[in-house]
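The next block is run.csv, given as CSV, C-alpha atoms and all ligand atoms.
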chain,number,residue,atom,x,y,z
A,219,MET,CA,-68.0,152.0,-237.3
A,220,ASN,CA,-71.4,151.4,-235.7
A,221,GLY,CA,-71.0,147.8,-236.8
A,222,THR,CA,-67.8,147.6,-234.6
A,223,ALA,CA,-69.7,148.7,-231.5
A,224,ALA,CA,-72.5,146.2,-232.2
A,225,GLU,CA,-69.9,143.5,-232.8
A,226,PHE,CA,-68.2,144.4,-229.4
A,227,GLU,CA,-71.6,144.0,-227.6
A,228,TRP,CA,-72.3,140.7,-229.4
A,229,THR,CA,-68.8,139.4,-228.5
A,230,PHE,CA,-68.5,140.6,-224.9
A,231,GLY,CA,-72.2,140.8,-223.9
A,232,TYR,CA,-72.1,144.5,-222.9
A,233,PRO,CA,-71.7,147.8,-224.7
A,234,ALA,CA,-68.3,149.4,-225.6
A,235,GLU,CA,-67.3,152.6,-223.8
A,236,SER,CA,-65.7,154.1,-226.9
A,237,VAL,CA,-64.7,153.4,-230.5
A,238,TRP,CA,-61.6,154.8,-232.2
A,239,SER,CA,-60.5,154.6,-235.8
A,240,ALA,CA,-57.1,154.8,-237.4
A,241,PRO,CA,-56.3,154.9,-241.1
A,242,GLY,CA,-53.8,152.9,-243.2
A,243,ARG,CA,-51.2,155.0,-245.1
A,244,ILE,CA,-49.2,155.2,-248.2
A,245,ASN,CA,-45.9,157.0,-248.3
A,246,LEU,CA,-45.7,159.4,-251.2
A,247,ILE,CA,-41.9,159.5,-251.0
A,248,GLY,CA,-39.1,159.1,-248.3
A,249,GLU,CA,-38.5,155.4,-247.9
A,250,HIS,CA,-36.1,153.8,-245.4
A,251,THR,CA,-35.2,157.3,-244.3
A,252,ASP,CA,-37.1,157.4,-241.0
A,253,TYR,CA,-34.6,155.2,-239.1
A,254,ASN,CA,-31.8,157.3,-240.5
A,255,ASP,CA,-33.3,160.5,-238.9
A,256,GLY,CA,-34.4,161.7,-242.4
A,257,PHE,CA,-37.5,163.0,-244.1
A,258,VAL,CA,-40.8,161.3,-245.0
A,259,LEU,CA,-44.0,162.4,-246.8
A,260,PRO,CA,-46.8,159.9,-246.1
A,261,MET,CA,-50.6,160.4,-246.3
A,262,ALA,CA,-53.5,158.6,-244.6
A,263,LEU,CA,-56.0,156.5,-246.5
A,264,ASP,CA,-59.7,156.1,-246.3
A,265,HIS,CA,-59.1,152.4,-245.6
A,266,SER,CA,-59.2,152.3,-241.8
A,267,LEU,CA,-59.5,150.1,-238.8
A,268,ALA,CA,-61.7,150.6,-235.7
A,269,VAL,CA,-61.3,149.4,-232.2
A,270,ALA,CA,-64.2,149.3,-229.8
A,271,ALA,CA,-63.1,149.0,-226.1
A,272,ALA,CA,-64.2,149.1,-222.5
A,273,ARG,CA,-62.4,149.0,-219.2
A,274,ARG,CA,-62.2,146.0,-217.0
A,275,ASP,CA,-61.4,146.2,-213.3
A,276,ASP,CA,-59.7,142.8,-213.0
A,277,GLY,CA,-56.5,143.7,-214.8
A,278,THR,CA,-57.3,141.3,-217.7
A,279,VAL,CA,-56.9,142.3,-221.4
A,280,ARG,CA,-59.2,140.4,-223.7
A,281,LEU,CA,-58.5,140.9,-227.5
A,282,ARG,CA,-60.7,139.8,-230.3
A,283,SER,CA,-60.8,140.6,-234.0
A,284,ARG,CA,-63.7,140.6,-236.5
A,285,GLN,CA,-61.3,139.4,-239.2
A,286,GLU,CA,-58.8,137.3,-237.4
A,287,PRO,CA,-59.5,134.0,-235.6
A,288,GLY,CA,-58.5,133.3,-232.1
A,289,ALA,CA,-59.1,134.9,-228.7
A,290,THR,CA,-56.3,136.3,-226.5
A,291,ASP,CA,-56.8,136.8,-222.8
A,292,VAL,CA,-53.8,138.1,-220.8
A,293,ALA,CA,-53.2,139.8,-217.5
A,294,VAL,CA,-51.9,143.3,-217.9
A,295,ASP,CA,-49.1,142.7,-215.4
A,296,GLU,CA,-47.9,139.6,-217.4
A,297,LEU,CA,-47.4,141.5,-220.6
A,298,GLU,CA,-43.9,141.3,-221.8
A,299,PRO,CA,-42.2,140.8,-225.2
A,300,GLY,CA,-43.0,137.3,-226.5
A,301,SER,CA,-46.0,136.8,-224.2
A,302,VAL,CA,-48.5,137.5,-227.0
A,303,THR,CA,-47.9,136.6,-230.6
A,304,GLY,CA,-49.8,136.9,-234.0
A,305,TRP,CA,-52.1,139.8,-234.7
A,306,ALA,CA,-52.9,140.2,-230.9
A,307,GLY,CA,-49.2,141.1,-230.3
A,308,TYR,CA,-49.9,144.5,-231.8
A,309,PRO,CA,-52.6,145.7,-229.4
A,310,ALA,CA,-51.0,143.9,-226.5
A,311,GLY,CA,-47.7,145.5,-227.4
A,312,ALA,CA,-49.4,148.9,-227.5
A,313,ILE,CA,-50.7,148.5,-223.9
A,314,TRP,CA,-47.3,147.2,-222.8
A,315,ALA,CA,-45.6,150.3,-224.3
A,316,LEU,CA,-48.0,152.7,-222.6
A,317,LEU,CA,-47.3,151.0,-219.2
A,318,ARG,CA,-43.6,151.2,-219.9
A,319,CYS,CA,-44.0,155.0,-220.5
A,320,GLY,CA,-45.4,155.2,-217.0
A,321,HIS,CA,-49.1,155.5,-218.0
A,322,ARG,CA,-51.4,153.9,-215.4
A,323,VAL,CA,-53.6,151.9,-217.7
A,324,GLY,CA,-55.2,148.5,-216.8
A,325,GLY,CA,-57.5,145.8,-218.0
A,326,LEU,CA,-59.8,146.2,-221.0
A,327,ASP,CA,-61.9,144.3,-223.6
A,328,LEU,CA,-61.0,145.3,-227.1
A,329,LEU,CA,-62.5,144.3,-230.5
A,330,VAL,CA,-60.7,145.1,-233.7
A,331,ASP,CA,-62.5,145.6,-237.0
A,332,SER,CA,-60.5,146.5,-240.1
A,333,THR,CA,-60.9,147.3,-243.8
A,334,ILE,CA,-57.1,147.8,-244.3
A,335,PRO,CA,-55.7,145.0,-246.4
A,336,THR,CA,-53.2,143.1,-244.3
A,337,GLY,CA,-49.8,142.2,-245.7
A,338,ALA,CA,-50.1,145.0,-248.3
A,339,GLY,CA,-47.7,147.4,-246.8
A,340,LEU,CA,-50.4,149.9,-245.9
A,341,SER,CA,-49.6,150.0,-242.2
A,342,SER,CA,-52.4,148.0,-240.8
A,343,SER,CA,-50.1,147.2,-237.9
A,344,ALA,CA,-49.4,150.9,-237.1
A,345,ALA,CA,-53.2,151.6,-237.3
A,346,LEU,CA,-53.8,148.8,-234.8
A,347,THR,CA,-51.2,149.8,-232.3
A,348,CYS,CA,-52.2,153.5,-232.6
A,349,ALA,CA,-55.9,152.9,-232.3
A,350,THR,CA,-55.4,150.7,-229.3
A,351,ALA,CA,-53.2,153.2,-227.6
A,352,LEU,CA,-55.7,156.0,-228.2
A,353,ALA,CA,-58.6,153.9,-227.0
A,354,THR,CA,-56.7,152.7,-223.9
A,355,LEU,CA,-55.5,156.2,-222.9
A,356,HIS,CA,-59.0,157.6,-223.4
A,357,LEU,CA,-60.6,154.9,-221.3
A,358,TYR,CA,-58.1,155.6,-218.5
A,359,GLY,CA,-58.6,159.3,-218.7
A,360,ILE,CA,-55.0,160.0,-219.8
A,361,ASP,CA,-54.3,163.0,-222.0
A,362,THR,CA,-51.0,162.9,-223.8
A,363,ASP,CA,-49.7,164.3,-227.1
A,364,ARG,CA,-49.8,162.4,-230.3
A,365,ARG,CA,-46.1,162.4,-230.9
A,366,SER,CA,-45.5,160.5,-227.7
A,367,ILE,CA,-48.2,158.1,-228.6
A,368,ALA,CA,-46.5,157.6,-232.0
A,369,ARG,CA,-43.2,156.8,-230.1
A,370,ALA,CA,-45.0,154.3,-227.8
A,371,ALA,CA,-46.7,152.6,-230.8
A,372,GLN,CA,-43.3,152.4,-232.5
A,373,HIS,CA,-41.8,150.7,-229.4
A,374,ALA,CA,-44.7,148.3,-229.4
A,375,GLU,CA,-43.7,147.1,-232.8
A,376,GLY,CA,-40.0,147.3,-232.3
A,377,GLU,CA,-39.7,145.7,-228.9
A,378,PHE,CA,-42.9,143.7,-228.3
A,379,VAL,CA,-43.5,142.4,-231.9
A,380,GLY,CA,-39.9,142.5,-233.0
A,381,MET,CA,-40.1,144.6,-236.1
A,382,PRO,CA,-37.5,147.4,-235.6
A,383,CYS,CA,-39.4,150.0,-237.6
A,384,GLY,CA,-38.9,153.8,-237.7
A,385,ILE,CA,-41.6,156.3,-236.9
A,386,LEU,CA,-43.1,156.9,-240.3
A,387,ASP,CA,-46.2,154.8,-240.1
A,388,GLN,CA,-47.3,155.7,-236.6
A,389,SER,CA,-46.8,159.4,-237.4
A,390,ALA,CA,-48.9,159.1,-240.6
A,391,VAL,CA,-51.7,157.3,-238.7
A,392,LEU,CA,-51.8,159.8,-235.9
A,393,LEU,CA,-50.9,163.2,-237.4
A,394,ALA,CA,-52.2,163.1,-241.0
A,395,GLU,CA,-54.9,165.5,-242.1
A,396,ARG,CA,-57.4,165.2,-244.9
A,397,GLY,CA,-56.3,166.7,-248.2
A,398,HIS,CA,-52.6,166.9,-247.1
A,399,ALA,CA,-49.5,164.9,-247.1
A,400,LEU,CA,-47.5,164.9,-243.9
A,401,PHE,CA,-44.0,166.2,-244.3
A,402,MET,CA,-42.0,165.1,-241.3
A,403,ASP,CA,-38.5,165.5,-240.1
A,404,THR,CA,-38.0,162.3,-238.2
A,405,ARG,CA,-35.1,163.8,-236.2
A,406,SER,CA,-37.0,166.7,-234.7
A,407,LEU,CA,-40.5,165.2,-235.2
A,408,GLN,CA,-41.4,168.6,-236.7
A,409,THR,CA,-44.2,168.4,-239.3
A,410,GLU,CA,-45.8,170.4,-242.0
A,411,GLN,CA,-49.2,169.6,-243.6
A,412,VAL,CA,-48.6,170.0,-247.4
A,413,PRO,CA,-51.7,170.3,-249.5
A,414,VAL,CA,-52.2,167.6,-252.1
A,415,ASP,CA,-55.2,168.3,-254.3
A,416,LEU,CA,-55.2,165.6,-256.9
A,417,ALA,CA,-58.6,166.5,-258.4
A,418,GLU,CA,-57.6,170.1,-258.9
A,419,HIS,CA,-54.7,168.9,-261.1
A,420,GLY,CA,-56.8,166.3,-263.0
A,421,LEU,CA,-54.6,163.6,-261.4
A,422,ALA,CA,-55.2,160.4,-259.6
A,423,LEU,CA,-53.0,158.3,-257.3
A,424,LEU,CA,-53.4,154.8,-258.3
A,425,THR,CA,-52.5,152.2,-255.7
A,426,ILE,CA,-51.7,148.7,-256.8
A,427,ASP,CA,-51.6,146.0,-254.2
A,428,THR,CA,-49.1,143.7,-255.9
A,429,ARG,CA,-50.3,140.7,-253.7
A,430,ALA,CA,-46.7,139.7,-253.5
A,431,PRO,CA,-46.4,138.6,-249.9
A,432,HIS,CA,-44.9,141.3,-247.8
A,433,ARG,CA,-43.1,140.1,-244.7
A,434,LEU,CA,-41.2,142.8,-242.7
A,435,VAL,CA,-40.9,140.9,-239.5
A,436,GLY,CA,-38.3,138.9,-241.3
A,437,GLY,CA,-34.7,139.7,-241.3
A,438,GLU,CA,-34.3,141.9,-244.4
A,439,TYR,CA,-35.6,145.1,-242.9
A,440,ALA,CA,-33.6,144.7,-239.8
A,441,GLU,CA,-30.5,144.0,-241.9
A,442,ARG,CA,-31.0,147.2,-243.9
A,443,ARG,CA,-31.3,149.2,-240.7
A,444,ARG,CA,-28.2,147.6,-239.2
A,445,CYS,CA,-26.2,148.3,-242.4
A,446,CYS,CA,-27.2,152.0,-242.2
A,447,GLU,CA,-26.3,152.3,-238.5
A,448,GLN,CA,-23.0,150.7,-239.1
A,449,ALA,CA,-22.3,153.0,-242.1
A,450,ALA,CA,-23.1,156.0,-239.9
A,451,ARG,CA,-20.6,154.8,-237.3
A,452,THR,CA,-18.0,154.3,-239.9
A,453,LEU,CA,-18.6,157.8,-241.3
A,454,GLY,CA,-18.5,159.3,-237.8
A,455,VAL,CA,-22.1,160.7,-237.9
A,456,PRO,CA,-25.0,160.0,-235.5
A,457,ALA,CA,-27.2,159.1,-238.5
A,458,LEU,CA,-27.0,159.0,-242.3
A,459,ARG,CA,-29.3,162.1,-242.3
A,460,GLU,CA,-26.2,164.2,-241.4
A,461,ILE,CA,-24.4,163.4,-244.7
A,462,ASP,CA,-24.2,166.4,-247.0
A,463,ALA,CA,-25.6,165.4,-250.4
A,464,ALA,CA,-23.2,167.7,-252.1
A,465,ARG,CA,-20.3,165.7,-250.7
A,466,LEU,CA,-21.8,162.3,-251.4
A,467,PRO,CA,-19.1,161.0,-253.8
A,468,GLU,CA,-16.3,161.7,-251.3
A,469,THR,CA,-18.4,160.2,-248.5
A,470,LEU,CA,-19.0,157.0,-250.5
A,471,ASP,CA,-15.3,156.7,-251.2
A,472,ALA,CA,-14.7,156.4,-247.4
A,473,LEU,CA,-16.8,153.2,-247.4
A,474,ASP,CA,-15.1,150.0,-248.4
A,475,ASP,CA,-17.9,147.8,-249.7
A,476,ASP,CA,-20.1,148.4,-252.7
A,477,ARG,CA,-23.3,147.2,-251.0
A,478,THR,CA,-22.9,149.7,-248.1
A,479,ARG,CA,-22.1,152.4,-250.6
A,480,ARG,CA,-25.4,151.8,-252.4
A,481,ARG,CA,-27.4,151.7,-249.2
A,482,VAL,CA,-26.0,155.0,-248.1
A,483,ARG,CA,-26.5,156.5,-251.6
A,484,HIS,CA,-30.2,155.5,-251.5
A,485,VAL,CA,-30.7,157.2,-248.1
A,486,VAL,CA,-28.9,160.4,-248.9
A,487,THR,CA,-30.5,160.8,-252.4
A,488,GLU,CA,-34.0,159.8,-251.1
A,489,ASN,CA,-33.8,162.6,-248.4
A,490,GLU,CA,-33.1,165.0,-251.3
A,491,ARG,CA,-36.0,163.7,-253.3
A,492,VAL,CA,-38.4,164.3,-250.4
A,493,LEU,CA,-37.2,167.9,-250.0
A,494,ARG,CA,-37.6,168.5,-253.7
A,495,THR,CA,-41.0,166.9,-253.7
A,496,VAL,CA,-42.1,169.2,-250.9
A,497,GLU,CA,-40.8,172.2,-252.7
A,498,LEU,CA,-42.8,171.2,-255.8
A,499,LEU,CA,-46.0,170.6,-253.8
A,500,ARG,CA,-45.6,174.0,-252.0
A,501,ALA,CA,-45.3,175.6,-255.5
A,502,GLY,CA,-48.5,173.8,-256.7
A,503,LYS,CA,-46.5,171.7,-259.2
A,504,LEU,CA,-48.0,168.3,-258.4
A,505,ARG,CA,-47.5,167.0,-261.9
A,506,ASP,CA,-43.7,167.5,-261.7
A,507,VAL,CA,-43.4,165.2,-258.8
A,508,GLY,CA,-43.7,162.1,-261.1
A,509,PRO,CA,-40.1,161.8,-262.1
A,510,LEU,CA,-39.0,162.0,-258.4
A,511,LEU,CA,-41.3,159.1,-257.6
A,512,THR,CA,-39.8,157.0,-260.4
A,513,ALA,CA,-36.2,157.9,-259.3
A,514,SER,CA,-37.1,156.8,-255.8
A,515,HIS,CA,-38.2,153.5,-257.1
A,516,VAL,CA,-35.1,153.0,-259.2
A,517,SER,CA,-33.0,153.8,-256.1
A,518,LEU,CA,-35.0,151.4,-253.9
A,519,ARG,CA,-34.8,148.7,-256.6
A,520,ASP,CA,-31.1,149.0,-257.5
A,521,ASP,CA,-29.4,150.6,-254.5
A,522,TYR,CA,-31.5,149.5,-251.5
A,523,GLU,CA,-32.6,146.2,-253.1
A,524,VAL,CA,-36.1,146.0,-251.5
A,525,SER,CA,-38.1,145.4,-254.7
A,526,VAL,CA,-39.5,142.2,-256.1
A,527,ALA,CA,-40.6,141.1,-259.6
A,528,GLU,CA,-44.3,141.8,-259.1
A,529,VAL,CA,-43.5,145.3,-257.9
A,530,ASP,CA,-41.1,146.1,-260.8
A,531,THR,CA,-43.6,144.7,-263.3
A,532,ALA,CA,-46.4,147.0,-261.9
A,533,VAL,CA,-44.1,150.1,-261.9
A,534,ASP,CA,-42.9,149.4,-265.5
A,535,ALA,CA,-46.4,148.7,-266.8
A,536,ALA,CA,-47.8,151.8,-265.2
A,537,LEU,CA,-45.0,154.0,-266.7
A,538,GLU,CA,-45.4,152.5,-270.1
A,539,ALA,CA,-49.1,153.2,-269.9
A,540,GLY,CA,-48.4,156.9,-269.3
A,541,ALA,CA,-48.1,157.3,-265.5
A,542,LEU,CA,-46.2,160.5,-264.6
A,543,GLY,CA,-44.3,158.5,-262.0
A,544,ALA,CA,-44.5,155.2,-260.1
A,545,ARG,CA,-42.8,153.6,-257.1
A,546,ILE,CA,-43.0,151.0,-254.5
A,547,THR,CA,-44.4,152.4,-251.2
A,548,GLY,CA,-43.6,151.2,-247.7
A,549,GLY,CA,-40.9,148.9,-246.6
A,550,GLY,CA,-40.7,146.8,-249.7
A,551,PHE,CA,-40.3,143.1,-250.5
A,552,GLY,CA,-43.9,143.2,-251.9
A,553,GLY,CA,-46.7,145.3,-250.8
A,554,CYS,CA,-48.1,148.2,-252.8
A,555,VAL,CA,-47.0,150.4,-255.8
A,556,ILE,CA,-48.3,153.9,-256.2
A,557,ALA,CA,-48.6,155.6,-259.6
A,558,LEU,CA,-49.3,159.3,-260.3
A,559,VAL,CA,-51.5,159.3,-263.4
A,560,ASP,CA,-53.7,161.7,-265.3
A,561,GLU,CA,-57.2,160.9,-264.0
A,562,HIS,CA,-58.5,160.0,-267.5
A,563,ARG,CA,-55.6,157.4,-267.8
A,564,ALA,CA,-56.2,155.7,-264.5
A,565,SER,CA,-58.2,152.8,-266.0
A,566,ALA,CA,-55.8,152.4,-269.0
A,567,CYS,CA,-52.9,152.1,-266.4
A,568,THR,CA,-54.8,149.6,-264.4
A,569,GLU,CA,-55.5,147.5,-267.4
A,570,ALA,CA,-51.9,147.7,-268.5
A,571,VAL,CA,-50.7,146.5,-265.1
A,572,ARG,CA,-53.3,143.6,-265.1
A,573,ALA,CA,-52.2,142.6,-268.6
A,574,ALA,CA,-48.5,142.5,-267.5
A,575,TYR,CA,-49.4,140.4,-264.5
A,576,HIS,CA,-51.3,138.0,-266.6
A,577,ARG,CA,-48.4,137.7,-269.1
A,578,ASN,CA,-46.0,137.0,-266.2
A,579,GLY,CA,-48.4,134.5,-264.5
A,580,PHE,CA,-48.7,136.6,-261.3
A,581,THR,CA,-51.7,136.7,-259.0
A,582,PRO,CA,-54.0,139.5,-260.3
A,583,PRO,CA,-53.3,142.7,-258.4
A,584,GLU,CA,-55.9,144.8,-256.5
A,585,THR,CA,-56.1,148.4,-257.6
A,586,PHE,CA,-57.8,151.5,-256.2
A,587,THR,CA,-57.2,155.2,-256.2
A,588,VAL,CA,-56.5,157.1,-253.0
A,589,THR,CA,-56.8,160.7,-251.8
A,590,PRO,CA,-55.2,162.0,-248.6
A,591,ALA,CA,-57.5,161.2,-245.7
A,592,ALA,CA,-57.7,162.1,-242.0
A,593,GLY,CA,-55.6,160.6,-239.2
A,594,ALA,CA,-56.9,158.6,-236.2
A,595,ARG,CA,-59.9,159.9,-234.3
A,596,ARG,CA,-62.6,159.0,-231.8
A,597,GLU,CA,-65.8,157.7,-233.5
A,598,ALA,CA,-68.0,157.1,-230.5
B,601,LIG,C1,-41.9,150.2,-242.9
B,601,LIG,C2,-41.5,150.7,-241.5
B,601,LIG,F1,-42.4,150.4,-240.6
B,601,LIG,C3,-41.3,152.3,-241.5
B,601,LIG,O1,-40.8,152.7,-240.3
B,601,LIG,C4,-40.4,152.7,-242.7
B,601,LIG,O2,-39.0,152.4,-242.4
B,601,LIG,C5,-40.8,152.0,-244.0
B,601,LIG,O3,-40.9,150.6,-243.8
B,601,LIG,C6,-39.8,152.3,-245.1
B,601,LIG,O4,-39.8,153.6,-245.4
B,601,LIG,O5,-43.2,150.6,-243.2

Can you dump the structure from the file as structure tokens?
Amino acid sequence: MNGTAAEFEWTFGYPAESVWSAPGRINLIGEHTDYNDGFVLPMALDHSLAVAAARRDDGTVRLRSRQEPGATDVAVDELEPGSVTGWAGYPAGAIWALLRCGHRVGGLDLLVDSTIPTGAGLSSSAALTCATALATLHLYGIDTDRRSIARAAQHAEGEFVGMPCGILDQSAVLLAERGHALFMDTRSLQTEQVPVDLAEHGLALLTIDTRAPHRLVGGEYAERRRCCEQAARTLGVPALREIDAARLPETLDALDDDRTRRRVRHVVTENERVLRTVELLRAGKLRDVGPLLTASHVSLRDDYEVSVAEVDTAVDAALEAGALGARITGGGFGGCVIALVDEHRASACTEAVRAAYHRNGFTPPETFTVTPAAGARREA
């Protein structure tokens, strides 16, 4: 992160006042449940992003990135949805969201430096909005709790950038702790840090960046969300979270089209899978989580229809090579697959996935193993 401060000084010609980092995340299980008031279980990654920042007293925000071209200069009081687009829309949106919450923040210079692969579904965007919000609040001497910051960062993406996400990613980025997955009830925002010690169980969590382009700002995500909200209205509940899994068959009978039934079935069964996964983790039965991960994938593939060929190929190849479980992670339509594997089988699994990609003529995937890392923090 020292490099980020040096780059700030080189870019703006004076030293940064502070540097904040925020991690990417994978979601162990609990997909497309967050905007249905349901349960999620993400963990933070060692891949992270840093922002170096300093206040300006002229009300101007200047945004630069070490990885992305282009320079954005905008007056704080001219920030409004649509006023800044591209990567800079995320930090600009974070500042806009803080203002909208009533925080008296002003101009600043900000330099972004990231090792989170973009477009891989690892939440580089939430890391960017959250790190920007933390740095901005710190510079302006404002102390507020991380759950409110997560909400503001969610609004930045939903209303400023136009991606109507839930609160999964921002919560993971801000609240995760090293060595733990973050179990969160997205209705109450209550959390529990659940230990995940992969090494103790001789396991590895292989992450496969499928390199299939992942575009969530497009309409598919928003369409899934609208479908769930409409189904909740039809069923007379505030959110699909309220549906009792034991009464799922009768509930589905009350819906008149098959696609909506499948969407609802995914959400209800996925919430159950999260709860079951948490029980297993609390009982120290990490190996037994595998089949739940695979069941989640099947549900996302067949009922929620957010998978693509590259993702299914990676999941199938990993399972054939002996993975205990594998699934798409994140919003879908590309992005990353996670596979829970015996440590000594991780390279065989990687090779099997690479070979399957080669046979199918897909771009070779990037693979790496992950362990639960810490949430966002001040670096300098
Ligand atoms: C994306 C969204 F940003 C999250 O809020 C969540 O809905 C996820 O897709 C699916 O679980 O990452």

Checklist entry - So which residues touch range 510-515 of chain A within 10 Å, counting all atoms listed in the file, skipping near sequence neighbours fewer than 5 positions away, as a ChimeraX atom specification? => result /A:246-249,484,487-492,494-495,520-522,524-525,529-530,533-534,537,541-547,555-558

Checklist entry - From the set A:Gly549, A:Pro467, A:Gly324, A:Pro509, which residue has the shortest atom-to-atom contact distance to ligand LIG 601 (chain B), counting all atoms listed in the file? => result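 Once distances to ligand LIG 601 (chain B) are computed over all atoms listed in the file, the minimum belongs to A:Gly549.
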
Checklist entry - CA of Asp331 in chain A and CA of Thr354 in chain A, how far apart in Å? => result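 Separating CA of Thr354 in chain A from CA of Asp331 in chain A is a distance of 16.0 Å.
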
Checklist entry - Quick one, how far is CA of Cys554 in chain A from CA of Ala536 in chain A? => result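 Result for CA of Cys554 in chain A versus CA of Ala536 in chain A: 12.9 Å, one decimal.
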
Checklist entry - Around (-50.6, 156.0, -235.7) in the file's frame, which residues reach within 8 Å when counting all atoms listed in the file? Return as a list in words? => result Ala240, Pro241, Ala344, Ala345, Leu346, Thr347, Cys348, Ala349, Ile367, Ala368, Ala371, Asp387, Gln388, Ser389, Ala390, Val391, Leu392, Leu393, Gly593 and Ala594 of chain A

Those residues you just picked out, can you put them in a file as a PDB file, in the coordinates of the input with C-alpha atoms?
ATOM      1  CA  ALA A 240     -57.100 154.800-237.400  1.00  0.00           C
ATOM      2  CA  PRO A 241     -56.300 154.900-241.100  1.00  0.00           C
ATOM      3  CA  ALA A 344     -49.400 150.900-237.100  1.00  0.00           C
ATOM      4  CA  ALA A 345     -53.200 151.600-237.300  1.00  0.00           C
ATOM      5  CA  LEU A 346     -53.800 148.800-234.800  1.00  0.00           C
ATOM      6  CA  THR A 347     -51.200 149.800-232.300  1.00  0.00           C
ATOM      7  CA  CYS A 348     -52.200 153.500-232.600  1.00  0.00           C
ATOM      8  CA  ALA A 349     -55.900 152.900-232.300  1.00  0.00           C
ATOM      9  CA  ILE A 367     -48.200 158.100-228.600  1.00  0.00           C
ATOM     10  CA  ALA A 368     -46.500 157.600-232.000  1.00  0.00           C
ATOM     11  CA  ALA A 371     -46.700 152.600-230.800  1.00  0.00           C
ATOM     12  CA  ASP A 387     -46.200 154.800-240.100  1.00  0.00           C
ATOM     13  CA  GLN A 388     -47.300 155.700-236.600  1.00  0.00           C
ATOM     14  CA  SER A 389     -46.800 159.400-237.400  1.00  0.00           C
ATOM     15  CA  ALA A 390     -48.900 159.100-240.600  1.00  0.00           C
ATOM     16  CA  VAL A 391     -51.700 157.300-238.700  1.00  0.00           C
ATOM     17  CA  LEU A 392     -51.800 159.800-235.900  1.00  0.00           C
ATOM     18  CA  LEU A 393     -50.900 163.200-237.400  1.00  0.00           C
ATOM     19  CA  GLY A 593     -55.600 160.600-239.200  1.00  0.00           C
ATOM     20  CA  ALA A 594     -56.900 158.600-236.200  1.00  0.00           C
TER      21      ALA A 594
END

Checklist entry - Hey, what's within 10 Å of Val294 in chain A if we count all atoms listed in the file and toss same-chain stuff fewer than 2 positions away? As a list in words, please? => result Asp276, Gly277, Thr278, Val279, Arg280, Asp291, Val292, Glu296, Leu297, Glu298, Ala310, Ile313, Trp314, Leu317, Val323, Gly324, Gly325 and Leu326 of chain A

Next on the checklist: Just want the residues within 7 Å of ligand LIG 601 (chain B), written as a VMD selection string, counting only C-alpha atoms and all ligand atoms.
Outcome noted: chain A and resid 248 to 253 339 341 383 to 387 548 to 549

Next on the checklist: Can you tell me which residues surround range 415-420 of chain A at a distance of at most 7 Å, considering all atoms listed in the file, apart from same-chain residues fewer than 2 positions away, and format the answer as JSON, numbers by chain?
Outcome noted: {"A": [397, 413, 422, 560, 561]}

Checklist entry - When distances are computed from only C-alpha atoms, which of A:Pro583, A:Gln285, A:Ala564, A:Trp305 shows the smallest separation from Pro431 in chain A? => result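 Nearest to Pro431 in chain A: A:Pro583.
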
Item to check | Who sits within 10 Å of range 406-411 of chain A, all atoms listed in the file, same chain under 3 positions skipped, as JSON, numbers by chain | outcome: {"A": [255, 256, 257, 258, 259, 261, 365, 385, 389, 393, 394, 395, 396, 397, 398, 399, 400, 401, 402, 403, 414, 496]}
